[in-house]
Amino acid sequence: MKCPNCNTKNHREDMVCLNCGLPLNKVPFTKEQKGWHIMSAIVPVIGLGIIFFAMQTFSSMSSGFIGNTGFSQFSSLWWLFMGIAVIFIGMSFYKNILDLLGGEAQVHTARMIRKYRSGSRRSARTYYVEFEQIGKVNVRYGLYQPLTEGGIYKVTYSPNTKRGWSIEQQ
Ligand SMILES: [Zn+2]
């Protein structure tokens, strides 16, 4: 395997580079990758904050118009929704922070099991690729599109969020 640091060719089974001694199965994040993790951690939190305050303002303005029972039913559904959103966004925030603190992407060669996408609107779709040993990795469309089931790929990904950065056929 080629060293990501000094480009020396090493044996496939080597865990550290023969030339520079750096681990071969890890690559430091690029600026873009760090930026991606910072945005993915913060943007949903800001979005949730905006929705929360908008809703608080709306409910204090409109509580006089809607009947009291109707409003309390709506209100408990609202809090349930907010609770679930807080859990999901909190988990995503935590994983992004873990990746940022680790500072490195993981590199692993594995067989691809399957790929699938979620979301119906094209702009909101998430693309997933599942590999043996690694599990489910989420990628952009450009990486997702050419992959074939059963192929062996060298996958570079963030270990906690499982964001895939590069997938090379072996
Ligand atoms: Zn090296």
# chains A, B, ... in the order shown; residues from 1 in each chain; ligands from 1
>>> select_by_dssp(residues="range 8-99 of chain A", states="strand (DSSP E or B)", output="count of residues only")
6
>>> residues_near_ligand(ligand="ligand 1", cutoff="9 Å", atoms="only C-alpha atoms and all ligand atoms", output="list in words")
Lys2, Cys3, Pro4, Asn5, Cys6, Asn7, Thr8, Lys9, Asn10, Val16, Cys17, Leu18, Asn19, Cys20, Gly21, Leu22, Pro23 and Leu24 of chain A
>>> write_last_selection(atoms="N, CA and C atoms", output="mmCIF file, in the first residue's frame")
data_model
loop_
_atom_site.group_PDB
_atom_site.id
_atom_site.type_symbol
_atom_site.label_atom_id
_atom_site.label_comp_id
_atom_site.auth_asym_id
_atom_site.auth_seq_id
_atom_site.Cartn_x
_atom_site.Cartn_y
_atom_site.Cartn_z
ATOM 1 N N LYS A 2 0.470 2.233 -0.785
ATOM 2 C CA LYS A 2 1.230 3.473 -0.892
ATOM 3 C C LYS A 2 1.017 4.339 0.346
ATOM 4 N N CYS A 3 2.118 4.874 0.893
ATOM 5 C CA CYS A 3 2.008 5.724 2.079
ATOM 6 C C CYS A 3 1.351 7.059 1.711
ATOM 7 N N PRO A 4 0.287 7.467 2.434
ATOM 8 C CA PRO A 4 -0.366 8.738 2.113
ATOM 9 C C PRO A 4 0.525 9.938 2.447
ATOM 10 N N ASN A 5 1.559 9.701 3.274
ATOM 11 C CA ASN A 5 2.426 10.793 3.719
ATOM 12 C C ASN A 5 3.614 11.005 2.771
ATOM 13 N N CYS A 6 4.365 9.913 2.448
ATOM 14 C CA CYS A 6 5.598 10.084 1.668
ATOM 15 C C CYS A 6 5.575 9.330 0.336
ATOM 16 N N ASN A 7 4.442 8.649 0.041
ATOM 17 C CA ASN A 7 4.274 7.939 -1.235
ATOM 18 C C ASN A 7 5.151 6.696 -1.420
ATOM 19 N N THR A 8 5.854 6.268 -0.363
ATOM 20 C CA THR A 8 6.638 5.037 -0.439
ATOM 21 C C THR A 8 5.696 3.848 -0.609
ATOM 22 N N LYS A 9 6.098 2.899 -1.469
ATOM 23 C CA LYS A 9 5.292 1.682 -1.624
ATOM 24 C C LYS A 9 5.629 0.695 -0.507
ATOM 25 N N ASN A 10 4.630 0.292 0.248
ATOM 26 C CA ASN A 10 4.832 -0.665 1.330
ATOM 27 C C ASN A 10 4.130 -1.971 0.986
ATOM 28 N N VAL A 16 2.507 0.165 9.424
ATOM 29 C CA VAL A 16 3.168 1.476 9.429
ATOM 30 C C VAL A 16 4.105 1.575 8.222
ATOM 31 N N CYS A 17 4.377 2.781 7.780
ATOM 32 C CA CYS A 17 5.216 3.005 6.607
ATOM 33 C C CYS A 17 6.673 2.637 6.896
ATOM 34 N N LEU A 18 7.327 1.899 5.973
ATOM 35 C CA LEU A 18 8.732 1.500 6.123
ATOM 36 C C LEU A 18 9.639 2.725 6.130
ATOM 37 N N ASN A 19 9.250 3.749 5.403
ATOM 38 C CA ASN A 19 10.087 4.929 5.231
ATOM 39 C C ASN A 19 9.896 5.969 6.341
ATOM 40 N N CYS A 20 8.664 6.383 6.590
ATOM 41 C CA CYS A 20 8.453 7.495 7.526
ATOM 42 C C CYS A 20 7.827 7.055 8.856
ATOM 43 N N GLY A 21 7.378 5.802 8.950
ATOM 44 C CA GLY A 21 6.903 5.286 10.238
ATOM 45 C C GLY A 21 5.484 5.681 10.618
ATOM 46 N N LEU A 22 4.787 6.419 9.737
ATOM 47 C CA LEU A 22 3.410 6.803 10.061
ATOM 48 C C LEU A 22 2.449 5.634 9.814
ATOM 49 N N PRO A 23 1.354 5.569 10.588
ATOM 50 C CA PRO A 23 0.388 4.487 10.367
ATOM 51 C C PRO A 23 -0.220 4.556 8.967
ATOM 52 N N LEU A 24 -0.337 3.393 8.302
ATOM 53 C CA LEU A 24 -0.845 3.362 6.928
ATOM 54 C C LEU A 24 -2.359 3.271 6.865
#
>>> atom_distance(atom1="CA of Tyr128 in chain A", atom2="CA of Tyr116 in chain A")
5.4 Å
>>> atom_distance(atom1="CA of Tyr141 in chain A", atom2="CA of Thr109 in chain A")
20.3 Å
>>> residues_around(residues="Tyr94 in chain A", least_positions_apart="6", cutoff="12 Å", atoms="only C-alpha atoms", output="list in words")
His37, Ile38, Ser40, Ala41, Ile42, Val45, Val86, Ile87, Phe88, Leu100, Leu101, Asn160 and Thr161 of chain A
>>> select_by_dssp(residues="range 47-146 of chain A", states="alpha helix (DSSP H)", output="MDAnalysis selection string")
chainID A and resid 47:62 68:102 141:144
>>> residues_around(residues="Met39 in chain A", least_positions_apart="6", cutoff="12 Å", atoms="only C-alpha atoms", output="list in words")
Glu32, Gln33, Val45, Ile46, Gly47, Ser92, Phe93, Asn96, Ile97 and Leu100 of chain A
>>> closest_residue(among="A:Ser166, A:Thr57, A:Ser120, A:Gln106", to="Gly142 in chain A", atoms="only C-alpha atoms")
A:Ser166
>>> atom_distance(atom1="CA of Ala124 in chain A", atom2="CA of Trp36 in chain A")
16.7 Å
>>> closest_residue(among="A:Gly49, A:Gly135, A:Lys162, A:Gly103", to="Ala85 in chain A", atoms="only C-alpha atoms")
A:Gly49
